[in-house]
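Enquirer: Okay, so here is start.cif, and as you'll see once you scroll down, it has mmCIF, C-alpha atoms, pLDDT in the B column; chains and numbers go by the auth columns.
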data_input
loop_
_atom_site.group_PDB
_atom_site.id
_atom_site.type_symbol
_atom_site.label_atom_id
_atom_site.label_comp_id
_atom_site.label_asym_id
_atom_site.label_seq_id
_atom_site.Cartn_x
_atom_site.Cartn_y
_atom_site.Cartn_z
_atom_site.B_iso_or_equiv
_atom_site.auth_seq_id
_atom_site.auth_asym_id
ATOM 1 C CA MET A 1 14.711 13.160 -7.871 71.00 1 A
ATOM 2 C CA GLU A 2 17.794 14.877 -6.440 88.00 2 A
ATOM 3 C CA LEU A 3 15.985 15.332 -3.134 91.00 3 A
ATOM 4 C CA LEU A 4 15.050 11.655 -3.041 93.00 4 A
ATOM 5 C CA LYS A 5 18.637 10.620 -3.731 92.00 5 A
ATOM 6 C CA ARG A 6 19.884 12.849 -0.923 93.00 6 A
ATOM 7 C CA PHE A 7 17.212 11.408 1.370 93.00 7 A
ATOM 8 C CA ARG A 8 18.336 7.900 0.528 92.00 8 A
ATOM 9 C CA GLN A 9 21.908 8.835 1.348 91.00 9 A
ATOM 10 C CA GLY A 10 20.806 9.988 4.806 90.00 10 A
ATOM 11 C CA ASP A 11 20.816 13.761 4.302 93.00 11 A
ATOM 12 C CA PRO A 12 18.783 15.144 7.261 92.00 12 A
ATOM 13 C CA ASP A 13 17.788 18.288 5.334 94.00 13 A
ATOM 14 C CA ALA A 14 16.341 16.160 2.544 95.00 14 A
ATOM 15 C CA PHE A 15 14.368 14.138 5.095 95.00 15 A
ATOM 16 C CA GLU A 16 12.995 17.307 6.679 96.00 16 A
ATOM 17 C CA ALA A 17 12.027 18.671 3.262 96.00 17 A
ATOM 18 C CA LEU A 18 10.173 15.460 2.433 96.00 18 A
ATOM 19 C CA PHE A 19 8.519 15.410 5.846 97.00 19 A
ATOM 20 C CA ARG A 20 7.224 18.944 5.390 96.00 20 A
ATOM 21 C CA GLN A 21 6.088 18.181 1.864 96.00 21 A
ATOM 22 C CA PHE A 22 4.207 14.965 2.677 97.00 22 A
ATOM 23 C CA GLN A 23 3.123 15.196 6.332 97.00 23 A
ATOM 24 C CA ALA A 24 -0.332 16.587 5.520 97.00 24 A
ATOM 25 C CA GLU A 25 -0.975 13.959 2.856 96.00 25 A
ATOM 26 C CA VAL A 26 0.129 11.108 5.113 97.00 26 A
ATOM 27 C CA TYR A 27 -1.902 12.469 8.040 97.00 27 A
ATOM 28 C CA GLY A 28 -4.984 12.889 5.835 96.00 28 A
ATOM 29 C CA TRP A 29 -4.763 9.300 4.725 96.00 29 A
ATOM 30 C CA ILE A 30 -4.200 7.888 8.208 97.00 30 A
ATOM 31 C CA VAL A 31 -7.013 9.862 9.818 96.00 31 A
ATOM 32 C CA ARG A 32 -9.435 8.472 7.236 95.00 32 A
ATOM 33 C CA ILE A 33 -8.581 4.985 8.473 95.00 33 A
ATOM 34 C CA VAL A 34 -8.196 5.461 12.228 95.00 34 A
ATOM 35 C CA ARG A 35 -10.770 8.305 12.524 92.00 35 A
ATOM 36 C CA ASP A 36 -8.960 9.802 15.523 93.00 36 A
ATOM 37 C CA PRO A 37 -6.957 13.005 14.884 95.00 37 A
ATOM 38 C CA SER A 38 -4.676 12.557 17.895 95.00 38 A
ATOM 39 C CA ALA A 39 -3.822 8.953 17.003 96.00 39 A
ATOM 40 C CA ALA A 40 -3.379 9.977 13.374 97.00 40 A
ATOM 41 C CA GLU A 41 -0.780 12.580 14.376 97.00 41 A
ATOM 42 C CA ASP A 42 1.186 10.007 16.368 97.00 42 A
ATOM 43 C CA LEU A 43 0.945 7.515 13.526 97.00 43 A
ATOM 44 C CA THR A 44 2.132 10.130 11.034 98.00 44 A
ATOM 45 C CA VAL A 45 5.296 10.676 13.077 97.00 45 A
ATOM 46 C CA GLU A 46 5.710 6.904 13.431 97.00 46 A
ATOM 47 C CA THR A 47 5.297 6.515 9.662 97.00 47 A
ATOM 48 C CA PHE A 48 8.084 9.003 8.951 97.00 48 A
ATOM 49 C CA TRP A 49 10.228 7.422 11.623 96.00 49 A
ATOM 50 C CA ARG A 50 9.941 4.098 9.782 96.00 50 A
ATOM 51 C CA ILE A 51 10.565 5.861 6.495 96.00 51 A
ATOM 52 C CA HIS A 52 13.709 7.382 7.977 95.00 52 A
ATOM 53 C CA ARG A 53 14.962 4.030 9.159 93.00 53 A
ATOM 54 C CA ALA A 54 14.116 2.271 5.882 93.00 54 A
ATOM 55 C CA ARG A 55 15.547 5.006 3.630 91.00 55 A
ATOM 56 C CA GLY A 56 18.289 2.680 2.373 90.00 56 A
ATOM 57 C CA ARG A 57 15.666 0.453 0.789 90.00 57 A
ATOM 58 C CA PHE A 58 13.893 3.302 -1.004 91.00 58 A
ATOM 59 C CA ASP A 59 14.214 3.438 -4.788 89.00 59 A
ATOM 60 C CA PRO A 60 14.689 7.129 -5.732 84.00 60 A
ATOM 61 C CA GLY A 61 12.995 6.403 -9.054 87.00 61 A
ATOM 62 C CA ALA A 62 9.765 5.382 -7.300 89.00 62 A
ATOM 63 C CA SER A 63 7.005 7.561 -5.884 92.00 63 A
ATOM 64 C CA PHE A 64 7.820 8.715 -2.361 94.00 64 A
ATOM 65 C CA GLY A 65 4.162 9.535 -1.709 94.00 65 A
ATOM 66 C CA ALA A 66 2.973 6.058 -2.644 93.00 66 A
ATOM 67 C CA TRP A 67 5.700 4.465 -0.512 94.00 67 A
ATOM 68 C CA ALA A 68 4.806 6.662 2.461 96.00 68 A
ATOM 69 C CA ARG A 69 1.112 5.930 2.055 95.00 69 A
ATOM 70 C CA ARG A 70 1.775 2.204 1.997 95.00 70 A
ATOM 71 C CA ILE A 71 3.769 2.360 5.243 96.00 71 A
ATOM 72 C CA ALA A 72 1.140 4.632 6.780 97.00 72 A
ATOM 73 C CA THR A 73 -1.651 2.254 5.804 96.00 73 A
ATOM 74 C CA ASN A 74 0.068 -0.735 7.393 96.00 74 A
ATOM 75 C CA LEU A 75 0.578 1.206 10.618 97.00 75 A
ATOM 76 C CA ALA A 76 -3.005 2.450 10.604 96.00 76 A
ATOM 77 C CA ILE A 77 -4.345 -1.073 10.077 95.00 77 A
ATOM 78 C CA ASP A 78 -2.225 -2.335 12.992 95.00 78 A
ATOM 79 C CA TYR A 79 -3.633 0.482 15.112 96.00 79 A
ATOM 80 C CA VAL A 80 -7.228 -0.342 14.153 93.00 80 A
ATOM 81 C CA ARG A 81 -6.547 -4.013 14.881 91.00 81 A
ATOM 82 C CA GLN A 82 -5.182 -3.258 18.366 89.00 82 A
ATOM 83 C CA THR A 83 -7.828 -0.727 19.276 85.00 83 A
ATOM 84 C CA ARG A 84 -11.015 -2.067 20.748 65.00 84 A
ATOM 85 C CA PRO A 85 -13.960 -1.327 18.489 59.00 85 A
ATOM 86 C CA GLN A 86 -15.603 1.912 19.554 55.00 86 A
ATOM 87 C CA VAL A 87 -19.258 1.113 19.800 48.00 87 A
ATOM 88 C CA ALA A 88 -20.259 4.180 21.760 45.00 88 A
ATOM 89 C CA LEU A 89 -20.831 7.035 19.336 46.00 89 A
ATOM 90 C CA PRO A 90 -19.742 10.599 19.963 46.00 90 A
ATOM 91 C CA ASP A 91 -22.408 13.121 20.897 46.00 91 A
ATOM 92 C CA ASP A 92 -22.152 15.023 17.642 46.00 92 A
ATOM 93 C CA LEU A 93 -23.726 12.073 15.916 44.00 93 A
ATOM 94 C CA ALA A 94 -27.048 13.163 17.314 44.00 94 A
ATOM 95 C CA GLN A 95 -27.122 15.522 14.360 48.00 95 A
ATOM 96 C CA PRO A 96 -25.680 13.676 11.376 50.00 96 A
ATOM 97 C CA ALA A 97 -24.331 15.526 8.366 50.00 97 A
ATOM 98 C CA SER A 98 -27.034 14.157 6.102 52.00 98 A
ATOM 99 C CA ALA A 99 -29.922 14.413 8.505 52.00 99 A
ATOM 100 C CA ASP A 100 -32.018 11.403 7.637 55.00 100 A
ATOM 101 C CA PRO A 101 -34.968 11.356 10.060 53.00 101 A
ATOM 102 C CA ILE A 102 -35.509 7.652 9.460 54.00 102 A
ATOM 103 C CA VAL A 103 -32.092 6.709 10.799 56.00 103 A
ATOM 104 C CA CYS A 104 -32.412 7.396 14.500 75.00 104 A
ATOM 105 C CA ARG A 105 -29.605 7.480 17.001 78.00 105 A
ATOM 106 C CA GLU A 106 -30.205 3.917 18.181 81.00 106 A
ATOM 107 C CA THR A 107 -30.075 2.665 14.617 82.00 107 A
ATOM 108 C CA ARG A 108 -26.781 4.464 14.044 82.00 108 A
ATOM 109 C CA ARG A 109 -25.411 2.853 17.193 84.00 109 A
ATOM 110 C CA GLN A 110 -26.410 -0.561 15.871 86.00 110 A
ATOM 111 C CA ILE A 111 -24.819 0.179 12.511 87.00 111 A
ATOM 112 C CA ALA A 112 -21.601 1.298 14.202 87.00 112 A
ATOM 113 C CA ASP A 113 -21.669 -1.810 16.368 87.00 113 A
ATOM 114 C CA ALA A 114 -22.139 -4.107 13.370 89.00 114 A
ATOM 115 C CA PHE A 115 -19.431 -2.265 11.417 91.00 115 A
ATOM 116 C CA ALA A 116 -16.975 -2.538 14.319 89.00 116 A
ATOM 117 C CA ARG A 117 -17.432 -6.305 14.274 89.00 117 A
ATOM 118 C CA LEU A 118 -16.237 -6.668 10.685 93.00 118 A
ATOM 119 C CA PRO A 119 -12.757 -8.152 10.141 93.00 119 A
ATOM 120 C CA VAL A 120 -10.199 -5.320 10.112 93.00 120 A
ATOM 121 C CA LYS A 121 -9.179 -5.685 6.463 93.00 121 A
ATOM 122 C CA LEU A 122 -12.777 -5.544 5.321 95.00 122 A
ATOM 123 C CA ARG A 123 -13.563 -2.680 7.667 94.00 123 A
ATOM 124 C CA VAL A 124 -10.634 -0.604 6.413 95.00 124 A
ATOM 125 C CA ALA A 125 -11.523 -1.219 2.759 95.00 125 A
ATOM 126 C CA ALA A 126 -15.169 -0.344 3.450 95.00 126 A
ATOM 127 C CA THR A 127 -14.225 2.751 5.463 94.00 127 A
ATOM 128 C CA LEU A 128 -12.028 4.104 2.687 95.00 128 A
ATOM 129 C CA SER A 129 -14.425 3.172 -0.093 95.00 129 A
ATOM 130 C CA LEU A 130 -17.902 3.737 1.326 94.00 130 A
ATOM 131 C CA ILE A 131 -17.421 6.377 4.015 93.00 131 A
ATOM 132 C CA GLU A 132 -14.426 8.308 2.701 93.00 132 A
ATOM 133 C CA GLU A 133 -15.230 7.634 -0.964 92.00 133 A
ATOM 134 C CA GLN A 134 -11.645 7.072 -2.045 93.00 134 A
ATOM 135 C CA SER A 135 -11.086 5.476 -5.434 93.00 135 A
ATOM 136 C CA PRO A 136 -10.391 1.727 -5.669 93.00 136 A
ATOM 137 C CA LYS A 137 -7.072 2.576 -7.352 93.00 137 A
ATOM 138 C CA GLU A 138 -5.895 4.722 -4.425 93.00 138 A
ATOM 139 C CA ILE A 139 -7.051 2.157 -1.882 95.00 139 A
ATOM 140 C CA ALA A 140 -5.400 -0.681 -3.789 95.00 140 A
ATOM 141 C CA GLU A 141 -2.062 1.168 -3.949 93.00 141 A
ATOM 142 C CA ALA A 142 -2.154 1.921 -0.258 93.00 142 A
ATOM 143 C CA LEU A 143 -3.105 -1.616 0.709 94.00 143 A
ATOM 144 C CA GLY A 144 -0.585 -3.127 -1.670 91.00 144 A
ATOM 145 C CA THR A 145 -3.221 -5.114 -3.508 93.00 145 A
ATOM 146 C CA SER A 146 -5.235 -4.990 -6.717 95.00 146 A
ATOM 147 C CA GLU A 147 -8.331 -2.923 -7.435 95.00 147 A
ATOM 148 C CA GLY A 148 -10.234 -6.176 -7.881 95.00 148 A
ATOM 149 C CA ALA A 149 -9.199 -7.325 -4.420 96.00 149 A
ATOM 150 C CA VAL A 150 -10.381 -4.017 -2.960 95.00 150 A
ATOM 151 C CA ARG A 151 -13.771 -4.400 -4.652 95.00 151 A
ATOM 152 C CA VAL A 152 -14.043 -7.938 -3.286 95.00 152 A
ATOM 153 C CA ARG A 153 -13.233 -6.736 0.235 96.00 153 A
ATOM 154 C CA VAL A 154 -15.834 -3.991 0.014 95.00 154 A
ATOM 155 C CA PHE A 155 -18.365 -6.437 -1.389 95.00 155 A
ATOM 156 C CA ARG A 156 -17.689 -8.911 1.424 95.00 156 A
ATOM 157 C CA ALA A 157 -17.886 -6.134 4.012 95.00 157 A
ATOM 158 C CA VAL A 158 -21.241 -5.001 2.656 94.00 158 A
ATOM 159 C CA ARG A 159 -22.549 -8.566 2.569 94.00 159 A
ATOM 160 C CA LEU A 160 -21.515 -9.213 6.188 94.00 160 A
ATOM 161 C CA LEU A 161 -22.913 -5.882 7.254 92.00 161 A
ATOM 162 C CA ARG A 162 -26.238 -6.614 5.584 91.00 162 A
ATOM 163 C CA GLN A 163 -26.402 -9.976 7.368 91.00 163 A
ATOM 164 C CA GLN A 164 -25.659 -8.423 10.748 88.00 164 A
ATOM 165 C CA LEU A 165 -28.079 -5.547 10.241 86.00 165 A
ATOM 166 C CA ARG A 166 -30.800 -7.934 9.128 87.00 166 A
ATOM 167 C CA ARG A 167 -30.191 -9.960 12.283 86.00 167 A
ATOM 168 C CA LEU A 168 -30.500 -6.775 14.337 81.00 168 A
ATOM 169 C CA GLY A 169 -33.619 -5.811 12.459 79.00 169 A
ATOM 170 C CA VAL A 170 -32.023 -2.640 11.147 74.00 170 A
ATOM 171 C CA LYS A 171 -31.959 -3.338 7.410 57.00 171 A
ATOM 172 C CA ARG A 172 -34.635 -1.302 5.708 51.00 172 A
ATOM 173 C CA MET B 1 -21.357 -6.188 -7.710 43.00 1 B
ATOM 174 C CA SER B 2 -22.259 -2.864 -9.224 45.00 2 B
ATOM 175 C CA ALA B 3 -21.706 0.323 -7.240 51.00 3 B
ATOM 176 C CA PRO B 4 -25.420 1.178 -6.837 47.00 4 B
ATOM 177 C CA ASP B 5 -25.809 -2.075 -4.873 65.00 5 B
ATOM 178 C CA HIS B 6 -23.903 -0.442 -2.037 85.00 6 B
ATOM 179 C CA ASP B 7 -25.776 2.855 -2.010 87.00 7 B
ATOM 180 C CA ASP B 8 -28.082 1.994 0.882 87.00 8 B
ATOM 181 C CA ILE B 9 -25.214 0.706 3.033 90.00 9 B
ATOM 182 C CA ARG B 10 -23.073 3.688 2.019 90.00 10 B
ATOM 183 C CA ARG B 11 -25.824 6.032 3.191 89.00 11 B
ATOM 184 C CA LEU B 12 -26.263 4.165 6.486 88.00 12 B
ATOM 185 C CA LEU B 13 -22.514 4.218 7.145 90.00 13 B
ATOM 186 C CA GLN B 14 -22.142 7.867 6.263 89.00 14 B
ATOM 187 C CA ASP B 15 -24.972 8.647 8.685 86.00 15 B
ATOM 188 C CA ALA B 16 -23.340 6.610 11.441 87.00 16 B
ATOM 189 C CA PHE B 17 -19.775 7.787 10.793 88.00 17 B
ATOM 190 C CA PRO B 18 -19.168 11.390 9.799 85.00 18 B
ATOM 191 C CA ARG B 19 -16.378 11.719 7.233 87.00 19 B
ATOM 192 C CA ALA B 20 -13.008 12.376 8.836 90.00 20 B
ATOM 193 C CA ASP B 21 -11.533 15.856 8.549 93.00 21 B
ATOM 194 C CA PRO B 22 -8.311 15.151 6.623 93.00 22 B
ATOM 195 C CA GLU B 23 -6.752 18.551 7.283 94.00 23 B
ATOM 196 C CA LEU B 24 -3.625 18.593 9.427 95.00 24 B
ATOM 197 C CA ARG B 25 -3.998 21.374 12.026 93.00 25 B
ATOM 198 C CA ARG B 26 -0.393 21.679 13.171 94.00 26 B
ATOM 199 C CA ASP B 27 3.146 21.119 12.013 96.00 27 B
ATOM 200 C CA LEU B 28 4.366 17.715 13.171 96.00 28 B
ATOM 201 C CA TRP B 29 8.038 18.402 12.454 96.00 29 B
ATOM 202 C CA PRO B 30 8.838 19.357 16.107 96.00 30 B
ATOM 203 C CA ALA B 31 7.540 15.938 17.255 96.00 31 B
ATOM 204 C CA MET B 32 9.506 14.210 14.508 96.00 32 B
ATOM 205 C CA SER B 33 12.611 16.184 15.393 95.00 33 B
ATOM 206 C CA ARG B 34 12.313 15.185 19.068 94.00 34 B
ATOM 207 C CA ARG B 35 12.002 11.547 18.023 92.00 35 B
ATOM 208 C CA LEU B 36 15.140 11.771 15.888 91.00 36 B
ATOM 209 C CA GLU B 37 17.089 13.509 18.664 90.00 37 B
ATOM 210 C CA ALA B 38 16.069 10.892 21.227 87.00 38 B
ATOM 211 C CA TRP B 39 17.262 8.185 18.848 82.00 39 B
ATOM 212 C CA THR B 40 20.598 9.944 18.314 78.00 40 B
ATOM 213 C CA ARG B 41 21.066 10.404 22.068 76.00 41 B
ATOM 214 C CA ARG B 42 20.326 6.745 22.636 74.00 42 B
ATOM 215 C CA PHE B 43 23.009 5.772 20.164 72.00 43 B
ATOM 216 C CA VAL B 44 25.532 8.097 21.793 75.00 44 B
ATOM 217 C CA TRP B 45 24.761 6.404 25.099 77.00 45 B
ATOM 218 C CA TYR B 46 25.226 2.963 23.523 79.00 46 B
ATOM 219 C CA ASP B 47 28.530 4.050 21.975 81.00 47 B
ATOM 220 C CA TRP B 48 29.876 5.187 25.336 85.00 48 B
ATOM 221 C CA ALA B 49 28.609 2.043 27.037 86.00 49 B
ATOM 222 C CA LEU B 50 30.321 -0.152 24.461 89.00 50 B
ATOM 223 C CA ALA B 51 33.546 1.855 24.678 89.00 51 B
ATOM 224 C CA GLY B 52 33.451 1.582 28.486 90.00 52 B
ATOM 225 C CA LEU B 53 32.853 -2.150 28.304 92.00 53 B
ATOM 226 C CA ALA B 54 35.730 -2.629 25.871 90.00 54 B
ATOM 227 C CA GLY B 55 37.990 -0.482 28.083 90.00 55 B
ATOM 228 C CA GLY B 56 36.995 -2.500 31.155 92.00 56 B
ATOM 229 C CA VAL B 57 37.716 -5.810 29.459 91.00 57 B
ATOM 230 C CA ILE B 58 41.121 -4.599 28.262 88.00 58 B
ATOM 231 C CA ALA B 59 41.961 -3.226 31.729 90.00 59 B
ATOM 232 C CA ALA B 60 41.011 -6.550 33.305 90.00 60 B
ATOM 233 C CA PHE B 61 42.743 -8.676 30.668 89.00 61 B
ATOM 234 C CA PRO B 62 45.600 -6.625 29.159 88.00 62 B
ATOM 235 C CA ASP B 63 46.942 -9.665 27.326 86.00 63 B
ATOM 236 C CA LEU B 64 43.906 -9.443 25.070 86.00 64 B
ATOM 237 C CA ILE B 65 45.600 -6.505 23.320 87.00 65 B
ATOM 238 C CA LEU B 66 48.310 -8.862 22.067 87.00 66 B
ATOM 239 C CA VAL B 67 45.698 -11.369 20.887 86.00 67 B
ATOM 240 C CA LEU B 68 43.794 -8.614 19.060 83.00 68 B
ATOM 241 C CA LEU B 69 46.991 -7.270 17.483 86.00 69 B
ATOM 242 C CA TYR B 70 47.933 -10.771 16.374 86.00 70 B
ATOM 243 C CA HIS B 71 44.561 -11.193 14.626 82.00 71 B
ATOM 244 C CA LEU B 72 44.828 -7.801 12.975 76.00 72 B
#
What would you get if you wrote out this structure as structure tokens?
Expert:
Amino acid sequence: MELLKRFRQGDPDAFEALFRQFQAEVYGWIVRIVRDPSAAEDLTVETFWRIHRARGRFDPGASFGAWARRIATNLAIDYVRQTRPQVALPDDLAQPASADPIVCRETRRQIADAFARLPVKLRVAATLSLIEEQSPKEIAEALGTSEGAVRVRVFRAVRLLRQQLRRLGVKR
Amino acid sequence: MSAPDHDDIRRLLQDAFPRADPELRRDLWPAMSRRLEAWTRRFVWYDWALAGLAGGVIAAFPDLILVLLYHL
């Protein structure tokens, strides 16, 4: 609490202490959304830069981690929105973690293609929920919405994905 | 909208997209520190530019000092 008050007052040592305490958590959250370690590092620094500039608006009684995650999420979503969907898959996908022989490389490319075409908000909710298996509560806090809204976004993402995969003849 | 409804899609997605490694491999404080320093330097530059501009205006129009003093 004392540290947060000092941070709010502009104490550089307090900011550094908070940065060191939360950088890994913020990075971990961002990389789950943007799925690019280098971009996630840049966005982590950008997140703390915005935190530094907005410190006057921070309520020392609130959770710094939740505030940071919210800012990080908004930045990560903007990044995903601006980045062209990556349809080409990296080579390491030739050997997926859960080696399912039925899902061949071409099928995975089609899935990635269909997923990249989802609206960003749905894609981010689905990424965090279905791929990264984060809880609806955590996702809702980070997105600044309700758990119900997160479930709806995931549901809509799955529905759209099913439609697209069916069209591509992928749905088994 | 029960969770098991999504299991097939979840499996397809997890096959197509490996889970991200959330571990931070290096300390980002040096990058943050550089960003803060650049910002500070920029403000020092602005301060000097503004001071120079004010000095130039006063040198060109010395009577402005009297106007400023009057309004103070």
Enquirer: Given the file above and the PyMOL selection byres ((chain B and resi 10) around 10), which residues are selected, and can you give them as a list in words?
Expert: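 Selection result, ordered by chain and number: Ala126, Thr127, Ser129, Leu130, Ile131, Glu132, Glu133 and Val158 of chain A; Ala3, Pro4, Asp5, His6, Asp7, Asp8, Ile9, Arg11, Leu12, Leu13, Gln14, Asp15 and Ala16 of chain B.
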Enquirer: Nearest to chain B among A:Ala24, A:Leu160, A:Leu122, A:Ile33, with distances taken over all atoms listed in the file: which residue is it?
Expert: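 When distances to chain B are compared using all atoms listed in the file, the smallest one comes from A:Ala24.
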Enquirer: Calculate how many Å separate CA of Phe7 in chain A from CA of Arg53 in chain A, rounding to one decimal.
Expert: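 Going from CA of Phe7 in chain A over to CA of Arg53 in chain A covers 11.0 Å.
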Enquirer: Give the answer as one residue: which of B:Ala59, B:Leu53, B:Leu36, B:Leu68 has the shortest atom-to-atom distance to His52 in chain A, using only C-alpha atoms?
Expert: B:Leu36
Enquirer: Starting from the PyMOL selection byres ((chain A and resi 74-76) around 9), expand the selection into actual residues of this file and give them as a list in words.
Expert: Ile30, Val31, Ile33, Val34, Ala40, Leu43, Glu46, Thr47, Arg69, Arg70, Ile71, Ala72, Thr73, Ile77, Asp78, Tyr79, Val80, Arg81, Ala142 and Leu143 of chain A
Enquirer: Taking into account all atoms listed in the file, which residue in the set A:Lys137, A:Arg156, A:Arg35, A:Lys121 is nearest to chain B?
Expert: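 That would be A:Arg35, the residue with the smallest distance to chain B.
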